[in-house]
Structures are given as structure tokens and as C-alpha cells.
Amino acid sequence: MSPGGGCATPKPNEPSPARNRRRFIDRCFLTELFLRQSGKHTARFALPLALDYDSCLQPASTTFLACDGCGQSASPEHIARRLQRLEWTTRYRPVHIGTLLLGGVSPGADGDFLYAGKFEGQAGQLLAALGISTAGKPPDVVLGEFQRGGFFVTHVLECPLEASPSGQPSCDSLLLRRVPPVLARIRRSLKPKRVVLISELLAPLLSRFSSAELGCPVLLDSGKPFNLNPSDLSLGAQHLREALTAGTTGV
């Protein structure tokens with residue numbers, strides 16, 4: 001310390017402590033190098049080694065947040081597919097929804113997804129049940145007709161069910177978890193004049209989809225969801241058209 005209490009300043013021609021340490025290390029290194037080359041090496045000090053900090057670490061697992069439309073893990077691919085389907089759907093959503101057709105799980109193939117405009121599988125079966133022909137019509141004309149009829153299709157799980165790895169919720173569990181937000185969406189956003197359940201997957205949840213919960217009539221086929229499977233399509237379609245005409249059957 002200097003008499004005034006500050007740090008001592010090295011004299012102009014005197015090496016600093018840091019420089020002295022650097023010189024000492026350099027001399028040690030040169031001595032070690034000489035001994036290695038002369039074959040008379042004895043361990044005197046440890047030379048610095050390169051450290052691989054990641055060598056013993058396991059790769060971190062990727063955890064995605066839950067999708068807001070289905071509750072499954074929202075990977076980038078999952079979100080991209082969801083956004084694409086939302087874009088297709090929003091284009092043909094009626095301003096005032098007359099009939100909300102509510103399914104259980106969104107179909108896996110885009111061809112089965114109504115608003116993709118391919119009208120295969122489930123999409124074709126639904127249009128046939130409603131008496132809307134696709135023969136010789138461009139997709140936008142068919143979807144425009146569907147929209148003008150006041151129809152809108154959505155699902156409790158708005159995304160296809162993915163292969164569930166260990167720890168992922170089951171389909172029944174996902175459906176049950178999604179009921180409260182779906183009910184809220186129907187009441188606050190969609191506001192249809194009536195709701196039609198068109199999936200047998202919703203049968204265990206019928207007590208939750210009551211007119212009191214939704215604020216509008218819920219149409220069922222003799223107390224259960226309408227069956228639009230190919231094996232019973234003609235009968236299910238007939239019952240659906242009769243229910244839509246009457247418009248009074250509810251829970």
C-alpha cells in the first residue's frame with residue numbers, strides 16, 4: 001500500500017506481478033518440454049488439459065406445451081397442421097351458425113376433413129347425410145352451399161389423435177379435459193341455434209352436452225349421437241334430416 005492508502009504502483013522498469021507469473025509459467029513449460037524431448041521426463045506439474053464439458057451430459061429431452069385445440073403435445077409440425085386447418089375452416093364459417101355439427105376427434109387424413117375440399121371418407125358421408133351433392137361441383141361451390149345452409153363442423157379434439165407415447169393422455173381422457181373449453185366456446189363464440197352430436201365418442205359425455213349447458217337445443221338420435229358410419233349411413237342420414245326438420249329433439 002502507498003503511504004496515502006492507495007494501491008502501490010510498480011516502478012517504471014520493474015515487471016508487474018502478473019508479468020512475473022507469466023514468465024514463471026513459461027519457464028515451467030519450457031522445462032517440461034525439454035525433459036519430454038530428452039527422455040528424462042518426470043512428472044513435475046500438470047499441464048492444462050482441454051475440457052469437454054458436454055462429454056458426460058445426456059441430450060436434453062424436448063418438451064412441448066399442450067395444444068389449445070386438443071390438449072396433445074404441440075410440436076412445430078402439429079401447430080403447422082392446426083393452423084392450416086383453421087385457415088380452411090375460417091373461410092367457410094357462417095356469420096350466424098344455424099346448426100353446429102359436433103364430432104369427437106378431427107379426422108387424421110385431410111381428405112376426410114370437410115374444409116380441405118376433397119370430400120372423402122367422413123366429409124363425403126356428412127354431405128351425403130345432409131343431402132348436399134358434390135357431383136360436378138368445384139369444392140368452393142360445395143362448401144359455399146354448406147355455409148349458406150348455416151352449417152358448421154367442429155370437433156371436441158380439433159386436431160387428429162396422434163400416436164401416444166408413454167405418458168400421453170388417452171383419447172377418453174383428452175375428450176373429457178376438452179369438454180369445459182368446448183362448452184365455453186359454443187356459448188360465447190359460436191352461439192349456434194342448435195347443436196348436433198355426430199360422433200359415438202361423445203356418448204359417455206352426453207350429460208355434459210345438455211341444452212342447459214349450451215344455451216340451445218341439442219339434437220340426438222333416440223338419446224344418443226347420430227351414427228354416420230358407412231355401414232348405417234342411410235339410416236343415420238335419414239334420422240339426421242328428420243331431426244333437423246323437426247329441430248326440437250333435445251336432451
# chains A, B, ... in the order shown; residues from 1 in each chain; ligands from 1
call {"tool": "residues_around", "arguments": {"residues": "Ala66 of chain A", "least_positions_apart": "3", "cutoff": "12 Å", "atoms": "only C-alpha atoms", "output": "JSON, numbers by chain"}}
result
{"A": [63, 69, 70, 71, 72, 73, 74, 75, 76, 78, 79, 159, 168, 169, 174, 177, 178]}
call {"tool": "closest_atom_pairs", "arguments": {"of": "segment 151-250 of chain A", "to": "segment 109-124 of chain A", "cutoff": "9 Å", "atoms": "only C-alpha atoms", "output": "JSON lines"}}
result
{"residue": "A:Val153", "atom": "CA", "partner": "A:Leu114", "partner_atom": "CA", "distance": 8.0}
{"residue": "A:Pro160", "atom": "CA", "partner": "A:Ala109", "partner_atom": "CA", "distance": 8.3}
{"residue": "A:Leu228", "atom": "CA", "partner": "A:Gln122", "partner_atom": "CA", "distance": 8.1}
{"residue": "A:Asn229", "atom": "CA", "partner": "A:Gln122", "partner_atom": "CA", "distance": 8.0}
{"residue": "A:Pro230", "atom": "CA", "partner": "A:Gln122", "partner_atom": "CA", "distance": 8.7}
call {"tool": "closest_residue", "arguments": {"among": "A:Ser210, A:Pro217, A:Ile97, A:Ser106", "to": "Leu175 of chain A", "atoms": "only C-alpha atoms"}}
result
A:Ser106
call {"tool": "closest_residue", "arguments": {"among": "A:Glu145, A:Asp68, A:Glu77, A:Asp232", "to": "Tyr92 of chain A", "atoms": "only C-alpha atoms"}}
result
A:Glu145
call {"tool": "select_by_dssp", "arguments": {"residues": "segment 65-240 of chain A", "states": "strand (DSSP E)", "output": "ChimeraX atom specification"}}
result
/A:99-105,151-157,194-197,218-219
call {"tool": "atom_distance", "arguments": {"atom1": "atom CA of Leu176 of chain A", "atom2": "atom CA of Pro192 of chain A"}}
result
21.7 Å
call {"tool": "residues_around", "arguments": {"residues": "Phe152 of chain A", "least_positions_apart": "5", "cutoff": "12 Å", "atoms": "only C-alpha atoms", "output": "PyMOL selection string"}}
result
chain A and resi 89-103+114-115+126-127+143-147+186+190-196
call {"tool": "write_last_selection", "arguments": {"atoms": "C-alpha atoms", "output": "mmCIF file, in the first residue's frame"}}
result
data_model
loop_
_atom_site.group_PDB
_atom_site.id
_atom_site.type_symbol
_atom_site.label_atom_id
_atom_site.label_comp_id
_atom_site.auth_asym_id
_atom_site.auth_seq_id
_atom_site.Cartn_x
_atom_site.Cartn_y
_atom_site.Cartn_z
ATOM 1 C CA THR A 89 -62.298 -23.681 -41.684
ATOM 2 C CA THR A 90 -62.470 -19.936 -41.030
ATOM 3 C CA ARG A 91 -63.034 -19.253 -44.727
ATOM 4 C CA TYR A 92 -66.416 -21.037 -44.634
ATOM 5 C CA ARG A 93 -67.664 -20.303 -41.143
ATOM 6 C CA PRO A 94 -71.174 -18.807 -41.300
ATOM 7 C CA VAL A 95 -71.661 -15.403 -39.739
ATOM 8 C CA HIS A 96 -74.670 -16.840 -37.902
ATOM 9 C CA ILE A 97 -74.408 -20.574 -37.247
ATOM 10 C CA GLY A 98 -77.724 -22.359 -37.526
ATOM 11 C CA THR A 99 -76.534 -25.941 -36.935
ATOM 12 C CA LEU A 100 -73.297 -26.837 -35.205
ATOM 13 C CA LEU A 101 -72.272 -30.381 -36.127
ATOM 14 C CA LEU A 102 -70.015 -31.539 -33.297
ATOM 15 C CA GLY A 103 -67.734 -34.539 -33.766
ATOM 16 C CA LEU A 114 -64.564 -31.295 -44.734
ATOM 17 C CA TYR A 115 -63.000 -27.871 -45.183
ATOM 18 C CA LEU A 126 -71.621 -35.927 -43.798
ATOM 19 C CA LEU A 127 -72.506 -34.092 -47.002
ATOM 20 C CA LEU A 143 -68.550 -25.520 -49.230
ATOM 21 C CA GLY A 144 -70.401 -22.332 -50.105
ATOM 22 C CA GLU A 145 -73.663 -24.291 -50.220
ATOM 23 C CA PHE A 146 -72.823 -25.886 -46.877
ATOM 24 C CA GLN A 147 -72.084 -22.440 -45.410
ATOM 25 C CA ILE A 186 -70.044 -22.821 -28.063
ATOM 26 C CA LEU A 190 -70.061 -19.970 -31.934
ATOM 27 C CA LYS A 191 -73.559 -19.313 -30.496
ATOM 28 C CA PRO A 192 -75.417 -21.776 -32.739
ATOM 29 C CA LYS A 193 -79.193 -22.170 -32.837
ATOM 30 C CA ARG A 194 -78.776 -25.908 -32.210
ATOM 31 C CA VAL A 195 -76.040 -28.475 -31.691
ATOM 32 C CA VAL A 196 -75.990 -31.931 -33.304
#
call {"tool": "closest_residue", "arguments": {"among": "A:Leu83, A:Gly131, A:Gly136, A:Phe151", "to": "Glu242 of chain A", "atoms": "only C-alpha atoms"}}
result
A:Gly131
call {"tool": "closest_residue", "arguments": {"among": "A:Leu197, A:Leu206, A:Val142, A:Leu157", "to": "Leu240 of chain A", "atoms": "only C-alpha atoms"}}
result
A:Leu197
call {"tool": "residues_around", "arguments": {"residues": "Pro225 of chain A", "least_positions_apart": "3", "cutoff": "9 Å", "atoms": "only C-alpha atoms", "output": "number ranges by chain"}}
result
A: 196-203, 206, 219-222
call {"tool": "write_last_selection", "arguments": {"atoms": "C-alpha atoms", "output": "tab-separated table (two decimals), in the first residue's frame"}}
result
chain	number	residue	atom	x	y	z
A	196	VAL	CA	-75.99	-31.93	-33.30
A	197	LEU	CA	-73.69	-34.59	-31.86
A	198	ILE	CA	-72.36	-36.76	-34.69
A	199	SER	CA	-69.78	-39.00	-33.01
A	200	GLU	CA	-70.23	-42.08	-30.87
A	201	LEU	CA	-67.12	-41.00	-28.97
A	202	LEU	CA	-69.30	-38.36	-27.32
A	203	ALA	CA	-71.80	-40.88	-25.92
A	206	LEU	CA	-73.87	-36.74	-23.11
A	219	LEU	CA	-80.27	-32.87	-31.19
A	220	LEU	CA	-79.78	-36.60	-30.63
A	221	ASP	CA	-80.84	-39.80	-32.30
A	222	SER	CA	-83.05	-41.57	-29.73
call {"tool": "closest_residue", "arguments": {"among": "A:Lys224, A:His155, A:Arg187, A:Arg148", "to": "Ala212 of chain A", "atoms": "only C-alpha atoms"}}
result
A:Arg187
